[in-house]
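As provided, final31.cif (mmCIF, C-alpha atoms) reads as follows.
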data_input
loop_
_atom_site.group_PDB
_atom_site.id
_atom_site.type_symbol
_atom_site.label_atom_id
_atom_site.label_comp_id
_atom_site.auth_asym_id
_atom_site.auth_seq_id
_atom_site.Cartn_x
_atom_site.Cartn_y
_atom_site.Cartn_z
ATOM 1 C CA MET C 7 -11.038 -33.265 8.835
ATOM 2 C CA PHE C 8 -10.834 -36.913 7.852
ATOM 3 C CA THR C 9 -11.629 -40.283 9.402
ATOM 4 C CA GLY C 10 -8.724 -42.460 8.265
ATOM 5 C CA ILE C 11 -11.040 -44.735 6.285
ATOM 6 C CA ILE C 12 -9.472 -44.994 2.823
ATOM 7 C CA GLU C 13 -11.900 -44.627 -0.068
ATOM 8 C CA GLU C 14 -9.639 -45.688 -2.890
ATOM 9 C CA LEU C 15 -6.082 -46.340 -4.027
ATOM 10 C CA GLY C 16 -4.780 -43.860 -6.569
ATOM 11 C CA GLU C 17 -1.826 -44.342 -8.909
ATOM 12 C CA ILE C 18 0.819 -41.677 -9.506
ATOM 13 C CA THR C 19 0.955 -40.931 -13.247
ATOM 14 C CA ASP C 20 3.096 -37.767 -13.340
ATOM 15 C CA LEU C 21 5.515 -35.850 -11.097
ATOM 16 C CA VAL C 22 6.699 -32.367 -12.051
ATOM 17 C CA ARG C 23 9.201 -30.342 -10.025
ATOM 18 C CA ASP C 24 8.660 -26.577 -10.082
ATOM 19 C CA GLN C 25 11.248 -24.819 -7.932
ATOM 20 C CA ASP C 26 10.573 -26.148 -4.388
ATOM 21 C CA ASN C 27 7.115 -27.455 -5.311
ATOM 22 C CA LEU C 28 6.096 -30.888 -6.552
ATOM 23 C CA HIS C 29 3.026 -31.210 -8.809
ATOM 24 C CA ILE C 30 1.602 -34.722 -8.478
ATOM 25 C CA THR C 31 -0.944 -36.217 -10.864
ATOM 26 C CA VAL C 32 -2.994 -39.133 -9.574
ATOM 27 C CA LYS C 33 -5.228 -41.491 -11.541
ATOM 28 C CA SER C 34 -8.272 -42.858 -9.722
ATOM 29 C CA GLN C 35 -11.985 -43.505 -10.090
ATOM 30 C CA LEU C 36 -12.456 -40.933 -7.332
ATOM 31 C CA SER C 37 -10.857 -38.198 -9.482
ATOM 32 C CA LYS C 38 -13.968 -37.746 -11.646
ATOM 33 C CA GLU C 39 -15.991 -36.862 -8.523
ATOM 34 C CA LEU C 40 -13.596 -34.130 -7.373
ATOM 35 C CA LYS C 41 -13.672 -30.357 -7.832
ATOM 36 C CA ILE C 42 -10.905 -27.785 -8.091
ATOM 37 C CA ASP C 43 -10.038 -26.425 -4.606
ATOM 38 C CA GLN C 44 -11.284 -29.578 -2.860
ATOM 39 C CA SER C 45 -9.233 -31.044 0.002
ATOM 40 C CA LEU C 46 -8.178 -34.659 -0.368
ATOM 41 C CA ALA C 47 -5.861 -36.756 1.811
ATOM 42 C CA HIS C 48 -3.023 -38.506 -0.046
ATOM 43 C CA ASN C 49 -1.245 -40.998 2.250
ATOM 44 C CA GLY C 50 -2.704 -38.940 5.078
ATOM 45 C CA VAL C 51 -1.507 -35.559 3.760
ATOM 46 C CA CYS C 52 -4.295 -33.038 3.154
ATOM 47 C CA LEU C 53 -3.653 -31.456 -0.262
ATOM 48 C CA THR C 54 -5.751 -29.243 -2.539
ATOM 49 C CA VAL C 55 -6.916 -30.341 -5.984
ATOM 50 C CA VAL C 56 -5.520 -27.789 -8.479
ATOM 51 C CA LYS C 57 -6.282 -29.486 -11.819
ATOM 52 C CA LEU C 58 -8.607 -32.166 -13.199
ATOM 53 C CA GLY C 59 -8.201 -34.477 -16.195
ATOM 54 C CA ASP C 60 -9.665 -37.744 -17.501
ATOM 55 C CA ASN C 61 -9.875 -39.809 -14.307
ATOM 56 C CA THR C 62 -6.928 -37.815 -12.929
ATOM 57 C CA HIS C 63 -6.393 -34.956 -10.537
ATOM 58 C CA THR C 64 -3.314 -32.897 -9.746
ATOM 59 C CA ILE C 65 -2.213 -31.596 -6.371
ATOM 60 C CA THR C 66 0.786 -29.462 -5.391
ATOM 61 C CA ALA C 67 3.051 -30.211 -2.441
ATOM 62 C CA ILE C 68 5.233 -27.392 -1.104
ATOM 63 C CA LYS C 69 8.700 -27.815 0.448
ATOM 64 C CA GLU C 70 7.318 -28.039 4.023
ATOM 65 C CA THR C 71 5.060 -30.941 3.020
ATOM 66 C CA ILE C 72 7.825 -32.671 1.073
ATOM 67 C CA ASP C 73 10.247 -32.329 3.991
ATOM 68 C CA LYS C 74 7.828 -33.617 6.649
ATOM 69 C CA SER C 75 6.154 -36.495 4.824
ATOM 70 C CA ASN C 76 6.869 -39.308 2.371
ATOM 71 C CA ILE C 77 5.257 -37.335 -0.497
ATOM 72 C CA GLY C 78 8.686 -36.452 -1.924
ATOM 73 C CA ASN C 79 9.522 -40.172 -2.200
ATOM 74 C CA LEU C 80 6.614 -40.949 -4.535
ATOM 75 C CA ARG C 81 7.442 -42.434 -7.921
ATOM 76 C CA ILE C 82 5.439 -42.983 -11.109
ATOM 77 C CA GLY C 83 3.250 -46.053 -10.595
ATOM 78 C CA ALA C 84 3.216 -45.785 -6.796
ATOM 79 C CA LYS C 85 -0.114 -46.322 -5.060
ATOM 80 C CA VAL C 86 -1.433 -43.668 -2.650
ATOM 81 C CA ASN C 87 -4.265 -43.927 -0.147
ATOM 82 C CA LEU C 88 -7.045 -41.440 -0.940
ATOM 83 C CA GLU C 89 -9.772 -40.055 1.306
ATOM 84 C CA ARG C 90 -12.081 -37.093 0.799
ATOM 85 C CA ALA C 91 -12.784 -34.768 3.726
ATOM 86 C CA MET C 92 -15.544 -36.038 5.978
ATOM 87 C CA GLN C 93 -19.016 -34.555 5.705
ATOM 88 C CA LEU C 94 -20.625 -32.920 8.703
ATOM 89 C CA GLY C 95 -23.188 -35.295 10.151
ATOM 90 C CA ALA C 96 -21.597 -38.381 8.594
ATOM 91 C CA ARG C 97 -20.655 -41.439 10.635
ATOM 92 C CA LEU C 98 -17.110 -41.308 12.068
ATOM 93 C CA ASP C 99 -15.945 -44.844 11.239
ATOM 94 C CA GLY C 100 -12.241 -44.342 12.008
ATOM 95 C CA HIS C 101 -11.067 -41.580 14.322
ATOM 96 C CA ILE C 102 -10.592 -37.804 14.052
ATOM 97 C CA VAL C 103 -7.790 -37.193 11.545
ATOM 98 C CA GLN C 104 -6.617 -33.715 10.549
ATOM 99 C CA GLY C 105 -4.573 -34.612 7.485
ATOM 100 C CA HIS C 106 -1.505 -32.969 9.056
ATOM 101 C CA VAL C 107 1.409 -35.395 9.173
ATOM 102 C CA ASP C 108 3.311 -35.081 12.458
ATOM 103 C CA GLN C 109 6.397 -36.967 11.296
ATOM 104 C CA THR C 110 7.548 -39.951 9.311
ATOM 105 C CA ALA C 111 8.471 -43.404 10.546
ATOM 106 C CA VAL C 112 10.327 -46.381 9.103
ATOM 107 C CA CYS C 113 8.938 -49.878 8.788
ATOM 108 C CA THR C 114 11.205 -52.193 10.788
ATOM 109 C CA GLU C 115 9.301 -55.470 10.486
ATOM 110 C CA VAL C 116 6.484 -57.068 8.533
ATOM 111 C CA LYS C 117 5.317 -60.327 10.052
ATOM 112 C CA GLU C 118 2.779 -62.471 8.223
ATOM 113 C CA LEU C 119 0.467 -64.151 10.692
ATOM 114 C CA GLU C 120 -2.283 -66.680 10.052
ATOM 115 C CA GLY C 121 -4.703 -64.480 8.106
ATOM 116 C CA SER C 122 -3.298 -61.065 9.033
ATOM 117 C CA TRP C 123 -0.081 -59.040 9.134
ATOM 118 C CA LEU C 124 1.770 -57.276 11.937
ATOM 119 C CA TYR C 125 3.712 -54.159 10.883
ATOM 120 C CA THR C 126 6.209 -52.541 13.246
ATOM 121 C CA PHE C 127 7.376 -48.946 12.818
ATOM 122 C CA SER C 128 10.046 -46.844 14.523
ATOM 123 C CA TYR C 129 10.032 -43.062 14.739
ATOM 124 C CA ASP C 130 12.183 -40.280 16.200
ATOM 125 C CA ASN C 131 11.038 -39.991 19.800
ATOM 126 C CA SER C 132 12.632 -36.540 20.281
ATOM 127 C CA TYR C 133 9.510 -34.825 18.857
ATOM 128 C CA ASN C 134 7.614 -35.909 22.013
ATOM 129 C CA ASN C 135 4.912 -37.660 20.000
ATOM 130 C CA LEU C 136 3.596 -40.774 21.690
ATOM 131 C CA THR C 137 1.404 -43.771 21.180
ATOM 132 C CA ILE C 138 -0.600 -45.651 23.772
ATOM 133 C CA GLU C 139 -1.635 -49.290 23.805
ATOM 134 C CA LYS C 140 -4.996 -49.660 22.009
ATOM 135 C CA GLY C 141 -4.929 -45.953 21.101
ATOM 136 C CA SER C 142 -5.453 -44.523 17.607
ATOM 137 C CA ILE C 143 -2.720 -43.812 15.064
ATOM 138 C CA THR C 144 -2.849 -42.854 11.400
ATOM 139 C CA VAL C 145 -0.340 -44.605 9.113
ATOM 140 C CA ASN C 146 -0.273 -43.295 5.519
ATOM 141 C CA GLY C 147 -3.761 -41.952 6.189
ATOM 142 C CA VAL C 148 -5.166 -45.243 7.516
ATOM 143 C CA SER C 149 -6.876 -45.160 10.931
ATOM 144 C CA LEU C 150 -5.442 -48.000 13.015
ATOM 145 C CA THR C 151 -5.178 -49.283 16.576
ATOM 146 C CA VAL C 152 -1.763 -49.318 18.274
ATOM 147 C CA VAL C 153 -0.318 -52.535 19.685
ATOM 148 C CA ASN C 154 3.113 -53.045 21.299
ATOM 149 C CA SER C 155 3.423 -49.339 22.143
ATOM 150 C CA LYS C 156 6.970 -48.391 23.188
ATOM 151 C CA PRO C 157 8.896 -45.105 23.200
ATOM 152 C CA GLY C 158 9.759 -44.539 19.534
ATOM 153 C CA SER C 159 8.045 -47.637 18.152
ATOM 154 C CA PHE C 160 4.709 -49.401 17.827
ATOM 155 C CA SER C 161 2.968 -52.073 15.797
ATOM 156 C CA VAL C 162 -0.364 -52.337 13.995
ATOM 157 C CA ALA C 163 -2.298 -55.443 12.992
ATOM 158 C CA ILE C 164 -3.647 -55.409 9.433
ATOM 159 C CA ILE C 165 -6.640 -57.473 8.315
ATOM 160 C CA PRO C 166 -6.852 -58.795 4.731
ATOM 161 C CA TYR C 167 -9.364 -56.116 3.629
ATOM 162 C CA THR C 168 -7.071 -53.273 4.752
ATOM 163 C CA TYR C 169 -4.037 -55.051 3.270
ATOM 164 C CA GLU C 170 -5.696 -55.282 -0.155
ATOM 165 C CA HIS C 171 -7.569 -51.940 -0.255
ATOM 166 C CA THR C 172 -4.766 -49.652 0.980
ATOM 167 C CA ASN C 173 -1.102 -49.399 0.080
ATOM 168 C CA PHE C 174 -0.117 -51.598 3.042
ATOM 169 C CA HIS C 175 0.456 -54.461 0.573
ATOM 170 C CA GLN C 176 3.348 -52.381 -0.853
ATOM 171 C CA ILE C 177 5.021 -51.406 2.447
ATOM 172 C CA LYS C 178 8.290 -53.220 3.017
ATOM 173 C CA VAL C 179 10.991 -53.087 5.701
ATOM 174 C CA ASN C 180 12.914 -49.756 5.509
ATOM 175 C CA ASP C 181 10.043 -47.972 3.723
ATOM 176 C CA MET C 182 9.126 -44.523 5.047
ATOM 177 C CA ILE C 183 5.517 -43.911 6.067
ATOM 178 C CA ASN C 184 3.530 -40.893 7.305
ATOM 179 C CA LEU C 185 2.318 -40.694 10.900
ATOM 180 C CA GLU C 186 -0.404 -38.571 12.383
ATOM 181 C CA PHE C 187 -0.735 -39.123 16.107
ATOM 182 C CA ASP C 188 -4.136 -39.020 17.814
ATOM 183 C CA VAL C 189 -5.257 -35.368 17.981
ATOM 184 C CA ILE C 190 -7.047 -35.798 21.307
ATOM 185 C CA GLY C 191 -3.935 -37.402 22.808
ATOM 186 C CA LYS C 192 -1.798 -34.519 21.523
ATOM 187 C CA TYR C 193 -4.023 -31.948 23.214
ATOM 188 C CA VAL C 194 -4.096 -33.889 26.493
ATOM 189 C CA ALA C 195 -0.295 -34.236 26.443
ATOM 190 C CA ARG C 196 0.091 -30.497 25.827
ATOM 191 C CA LEU C 197 -2.279 -29.657 28.705
ATOM 192 C CA MET C 198 -0.306 -31.957 31.030
ATOM 193 C CA GLU C 199 2.896 -30.026 30.217
ATOM 194 C CA ASN C 200 1.414 -26.808 31.696
#
Once you've parsed the file, please lay out its structure as structure tokens.
Amino acid sequence: MFTGIIEELGEITDLVRDQDNLHITVKSQLSKELKIDQSLAHNGVCLTVVKLGDNTHTITAIKETIDKSNIGNLRIGAKVNLERAMQLGARLDGHIVQGHVDQTAVCTEVKELEGSWLYTFSYDNSYNNLTIEKGSITVNGVSLTVVNSKPGSFSVAIIPYTYEHTNFHQIKVNDMINLEFDVIGKYVARLMEN
């Protein structure tokens, strides 16, 4: 479980294909605090640390993860949002995040406002995932509040701190991002179907 509060930006330093798997090496100050077998969210995708180096850690993404997230689109030098699993008894500053990407979305607009940014995303509505106005959404692992909720699209407002301390400053129109919809909302929606 995660909170969607990003601890650090990591930088991709190596990508190695091995059959259907992708081994990803990330450089970060957080890496030296990690252990083998530890869960860590990368752009909202929960992945297991399999190797440690000097200020680096390596994770492995399988085909399912590559197909359902933007992990397969990473390039050397790309920045990824990193968050360690939350500790039991710790403050929940964001919202409950599982680290299981539901689907990807595409950035359709980035609007610079006076001191903030408004990002709009569109997603395939056929998966029956939904957003609600002022509800929670996770974008590339970042816990955010939905505005302009519509079937298949929504917006989020980004403050300067989030813009600078996550990879939002790199997201451009047509970029693919990871979405994890609110877990409580997903359970309620499923119950309403029955």
Could you spell out the hits of the PyMOL selection byres ((chain C and resi 134) around 10) on the shown file, as a PyMOL selection string? chain C and resi 130-133+135-136+157-158+192+195
Just want the 10 Å neighbourhood of His175 (chain C), counted on only C-alpha atoms, with same-chain residues fewer than 4 positions away dropped. Output as a PyMOL selection string.
chain C and resi 85+123+164+166+168-171
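Our summary of the geometry notes that CA of Ile177 (chain C) is positioned 10.2 Å from CA of Asn146 (chain C).
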The residue from C:Leu150, C:Val51, C:Ile30, C:Ile68 with the smallest atom-to-atom distance to Thr110 (chain C), counting all atoms listed in the file, is C:Val51
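The two atoms in question, CA of Ala163 (chain C) and CA of Gly16 (chain C), are spaced 22.9 Å apart.
Compared by their closest atoms to His48 (chain C), and using only C-alpha atoms, the residues C:Ile65, C:Leu36, C:Leu88, C:Leu80 rank with C:Leu88 nearest.
The interatomic distance for the pair CA of Gly83 (chain C) and CA of Leu21 (chain C) works out to 10.5 Å.
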Could you tell me, as a PDB file with C-alpha atoms, in the coordinates of the input, exactly which residues end up selected when the PyMOL selection byres ((chain C and resi 29) around 8) is applied to this structure?
ATOM      1  CA  ASP C  20       3.096 -37.767 -13.340  1.00  0.00           C
ATOM      2  CA  LEU C  21       5.515 -35.850 -11.097  1.00  0.00           C
ATOM      3  CA  VAL C  22       6.699 -32.367 -12.051  1.00  0.00           C
ATOM      4  CA  ARG C  23       9.201 -30.342 -10.025  1.00  0.00           C
ATOM      5  CA  ASP C  24       8.660 -26.577 -10.082  1.00  0.00           C
ATOM      6  CA  ASN C  27       7.115 -27.455  -5.311  1.00  0.00           C
ATOM      7  CA  LEU C  28       6.096 -30.888  -6.552  1.00  0.00           C
ATOM      8  CA  ILE C  30       1.602 -34.722  -8.478  1.00  0.00           C
ATOM      9  CA  THR C  31      -0.944 -36.217 -10.864  1.00  0.00           C
ATOM     10  CA  THR C  64      -3.314 -32.897  -9.746  1.00  0.00           C
ATOM     11  CA  ILE C  65      -2.213 -31.596  -6.371  1.00  0.00           C
ATOM     12  CA  THR C  66       0.786 -29.462  -5.391  1.00  0.00           C
ATOM     13  CA  ALA C  67       3.051 -30.211  -2.441  1.00  0.00           C
TER      14      ALA C  67
END
From the list C:Gly105, C:Gly121, C:Gly78, C:Gly59, the nearest residue to Phe187 (chain C) using only C-alpha atoms is C:Gly105
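Each of C:Asp60, C:Glu17, C:Glu120, C:Asp188 was compared to Ser142 (chain C) using all atoms listed in the file, and C:Asp188 turns out to be the nearest.
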Practice task
Give me the residues within 12 Å of Ala47 (chain C) as JSON, numbers by chain, counting all atoms listed in the file and dropping any in the same chain fewer than 2 places off.
Solution key: {"C": [7, 8, 9, 10, 11, 12, 13, 14, 15, 16, 32, 44, 45, 49, 50, 51, 52, 53, 54, 55, 65, 67, 77, 86, 87, 88, 89, 90, 91, 92, 103, 104, 105, 106, 107, 144, 146, 147, 148, 184]}
Residue subset to file, keeping C-alpha atoms, as a JSON list (two decimals), in the frame of the given file:
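Saved as selection-v1.json:
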[["chain", "number", "residue", "atom", "x", "y", "z"],
["C", 7, "MET", "CA", -11.04, -33.26, 8.84],
["C", 8, "PHE", "CA", -10.83, -36.91, 7.85],
["C", 9, "THR", "CA", -11.63, -40.28, 9.40],
["C", 10, "GLY", "CA", -8.72, -42.46, 8.26],
["C", 11, "ILE", "CA", -11.04, -44.74, 6.28],
["C", 12, "ILE", "CA", -9.47, -44.99, 2.82],
["C", 13, "GLU", "CA", -11.90, -44.63, -0.07],
["C", 14, "GLU", "CA", -9.64, -45.69, -2.89],
["C", 15, "LEU", "CA", -6.08, -46.34, -4.03],
["C", 16, "GLY", "CA", -4.78, -43.86, -6.57],
["C", 32, "VAL", "CA", -2.99, -39.13, -9.57],
["C", 44, "GLN", "CA", -11.28, -29.58, -2.86],
["C", 45, "SER", "CA", -9.23, -31.04, 0.00],
["C", 49, "ASN", "CA", -1.25, -41.00, 2.25],
["C", 50, "GLY", "CA", -2.70, -38.94, 5.08],
["C", 51, "VAL", "CA", -1.51, -35.56, 3.76],
["C", 52, "CYS", "CA", -4.30, -33.04, 3.15],
["C", 53, "LEU", "CA", -3.65, -31.46, -0.26],
["C", 54, "THR", "CA", -5.75, -29.24, -2.54],
["C", 55, "VAL", "CA", -6.92, -30.34, -5.98],
["C", 65, "ILE", "CA", -2.21, -31.60, -6.37],
["C", 67, "ALA", "CA", 3.05, -30.21, -2.44],
["C", 77, "ILE", "CA", 5.26, -37.34, -0.50],
["C", 86, "VAL", "CA", -1.43, -43.67, -2.65],
["C", 87, "ASN", "CA", -4.26, -43.93, -0.15],
["C", 88, "LEU", "CA", -7.04, -41.44, -0.94],
["C", 89, "GLU", "CA", -9.77, -40.06, 1.31],
["C", 90, "ARG", "CA", -12.08, -37.09, 0.80],
["C", 91, "ALA", "CA", -12.78, -34.77, 3.73],
["C", 92, "MET", "CA", -15.54, -36.04, 5.98],
["C", 103, "VAL", "CA", -7.79, -37.19, 11.54],
["C", 104, "GLN", "CA", -6.62, -33.72, 10.55],
["C", 105, "GLY", "CA", -4.57, -34.61, 7.48],
["C", 106, "HIS", "CA", -1.50, -32.97, 9.06],
["C", 107, "VAL", "CA", 1.41, -35.40, 9.17],
["C", 144, "THR", "CA", -2.85, -42.85, 11.40],
["C", 146, "ASN", "CA", -0.27, -43.30, 5.52],
["C", 147, "GLY", "CA", -3.76, -41.95, 6.19],
["C", 148, "VAL", "CA", -5.17, -45.24, 7.52],
["C", 184, "ASN", "CA", 3.53, -40.89, 7.30]]
For region 57-68 of chain C of the structure just presented, write all heavy atoms to a file, as an mmCIF file, in the first residue's frame.
data_model
loop_
_atom_site.group_PDB
_atom_site.id
_atom_site.type_symbol
_atom_site.label_atom_id
_atom_site.label_comp_id
_atom_site.auth_asym_id
_atom_site.auth_seq_id
_atom_site.Cartn_x
_atom_site.Cartn_y
_atom_site.Cartn_z
ATOM 1 N N LYS C 57 18.073 -5.756 -7.189
ATOM 2 C CA LYS C 57 19.527 -5.557 -7.162
ATOM 3 C C LYS C 57 19.808 -4.151 -6.664
ATOM 4 O O LYS C 57 19.065 -3.216 -6.943
ATOM 5 C CB LYS C 57 20.096 -5.748 -8.571
ATOM 6 C CG LYS C 57 21.593 -5.633 -8.685
ATOM 7 C CD LYS C 57 22.032 -5.870 -10.135
ATOM 8 C CE LYS C 57 23.517 -5.652 -10.300
ATOM 9 N NZ LYS C 57 23.937 -5.758 -11.705
ATOM 10 N N LEU C 58 20.925 -4.007 -5.929
ATOM 11 C CA LEU C 58 21.351 -2.700 -5.430
ATOM 12 C C LEU C 58 22.755 -2.385 -5.915
ATOM 13 O O LEU C 58 23.578 -3.279 -6.081
ATOM 14 C CB LEU C 58 21.321 -2.675 -3.897
ATOM 15 C CG LEU C 58 19.941 -2.799 -3.256
ATOM 16 C CD1 LEU C 58 20.068 -3.021 -1.757
ATOM 17 C CD2 LEU C 58 19.096 -1.578 -3.551
ATOM 18 N N GLY C 59 23.015 -1.092 -6.162
ATOM 19 C CA GLY C 59 24.343 -0.638 -6.561
ATOM 20 C C GLY C 59 24.651 0.660 -5.833
ATOM 21 O O GLY C 59 23.998 1.010 -4.846
ATOM 22 N N ASP C 60 25.638 1.404 -6.328
ATOM 23 C CA ASP C 60 25.987 2.700 -5.738
ATOM 24 C C ASP C 60 24.905 3.713 -6.098
ATOM 25 O O ASP C 60 24.850 4.194 -7.231
ATOM 26 C CB ASP C 60 27.343 3.189 -6.249
ATOM 27 C CG ASP C 60 28.492 2.360 -5.707
ATOM 28 O OD1 ASP C 60 28.315 1.756 -4.632
ATOM 29 O OD2 ASP C 60 29.550 2.313 -6.364
ATOM 30 N N ASN C 61 24.068 4.033 -5.122
ATOM 31 C CA ASN C 61 22.948 4.962 -5.338
ATOM 32 C C ASN C 61 22.028 4.534 -6.476
ATOM 33 O O ASN C 61 21.390 5.371 -7.117
ATOM 34 C CB ASN C 61 23.445 6.390 -5.578
ATOM 35 C CG ASN C 61 24.048 6.996 -4.333
ATOM 36 O OD1 ASN C 61 23.649 6.680 -3.214
ATOM 37 N ND2 ASN C 61 25.028 7.855 -4.521
ATOM 38 N N THR C 62 21.978 3.230 -6.758
ATOM 39 C CA THR C 62 21.061 2.708 -7.770
ATOM 40 C C THR C 62 20.340 1.478 -7.232
ATOM 41 O O THR C 62 20.814 0.823 -6.301
ATOM 42 C CB THR C 62 21.781 2.305 -9.076
ATOM 43 O OG1 THR C 62 22.641 1.198 -8.823
ATOM 44 C CG2 THR C 62 22.548 3.462 -9.695
ATOM 45 N N HIS C 63 19.205 1.198 -7.824
ATOM 46 C CA HIS C 63 18.501 -0.048 -7.578
ATOM 47 C C HIS C 63 17.910 -0.524 -8.896
ATOM 48 O O HIS C 63 17.674 0.268 -9.812
ATOM 49 C CB HIS C 63 17.407 0.119 -6.504
ATOM 50 C CG HIS C 63 16.269 0.999 -6.933
ATOM 51 N ND1 HIS C 63 16.309 2.368 -6.795
ATOM 52 C CD2 HIS C 63 15.068 0.704 -7.481
ATOM 53 C CE1 HIS C 63 15.178 2.882 -7.240
ATOM 54 N NE2 HIS C 63 14.396 1.885 -7.672
ATOM 55 N N THR C 64 17.722 -1.821 -8.997
ATOM 56 C CA THR C 64 17.171 -2.418 -10.217
ATOM 57 C C THR C 64 15.888 -3.137 -9.870
ATOM 58 O O THR C 64 15.787 -3.806 -8.836
ATOM 59 C CB THR C 64 18.185 -3.389 -10.855
ATOM 60 O OG1 THR C 64 19.391 -2.664 -11.145
ATOM 61 C CG2 THR C 64 17.644 -3.993 -12.141
ATOM 62 N N ILE C 65 14.909 -2.976 -10.759
ATOM 63 C CA ILE C 65 13.618 -3.639 -10.640
ATOM 64 C C ILE C 65 13.359 -4.360 -11.956
ATOM 65 O O ILE C 65 13.987 -4.052 -12.972
ATOM 66 C CB ILE C 65 12.497 -2.625 -10.336
ATOM 67 C CG1 ILE C 65 12.702 -1.340 -11.146
ATOM 68 C CG2 ILE C 65 12.531 -2.217 -8.882
ATOM 69 C CD1 ILE C 65 11.610 -0.884 -11.920
ATOM 70 N N THR C 66 12.454 -5.329 -11.946
ATOM 71 C CA THR C 66 12.110 -6.062 -13.162
ATOM 72 C C THR C 66 10.618 -5.928 -13.416
ATOM 73 O O THR C 66 9.804 -6.202 -12.542
ATOM 74 C CB THR C 66 12.483 -7.546 -13.031
ATOM 75 O OG1 THR C 66 13.892 -7.640 -12.799
ATOM 76 C CG2 THR C 66 12.132 -8.312 -14.293
ATOM 77 N N ALA C 67 10.279 -5.499 -14.635
ATOM 78 C CA ALA C 67 8.885 -5.421 -15.055
ATOM 79 C C ALA C 67 8.601 -6.572 -16.009
ATOM 80 O O ALA C 67 9.364 -6.802 -16.948
ATOM 81 C CB ALA C 67 8.606 -4.086 -15.739
ATOM 82 N N ILE C 68 7.515 -7.300 -15.753
ATOM 83 C CA ILE C 68 7.120 -8.402 -16.635
ATOM 84 C C ILE C 68 6.197 -7.867 -17.736
ATOM 85 O O ILE C 68 5.781 -6.711 -17.709
ATOM 86 C CB ILE C 68 6.434 -9.540 -15.844
ATOM 87 C CG1 ILE C 68 5.147 -9.025 -15.166
ATOM 88 C CG2 ILE C 68 7.394 -10.136 -14.814
ATOM 89 C CD1 ILE C 68 4.314 -10.124 -14.524
#
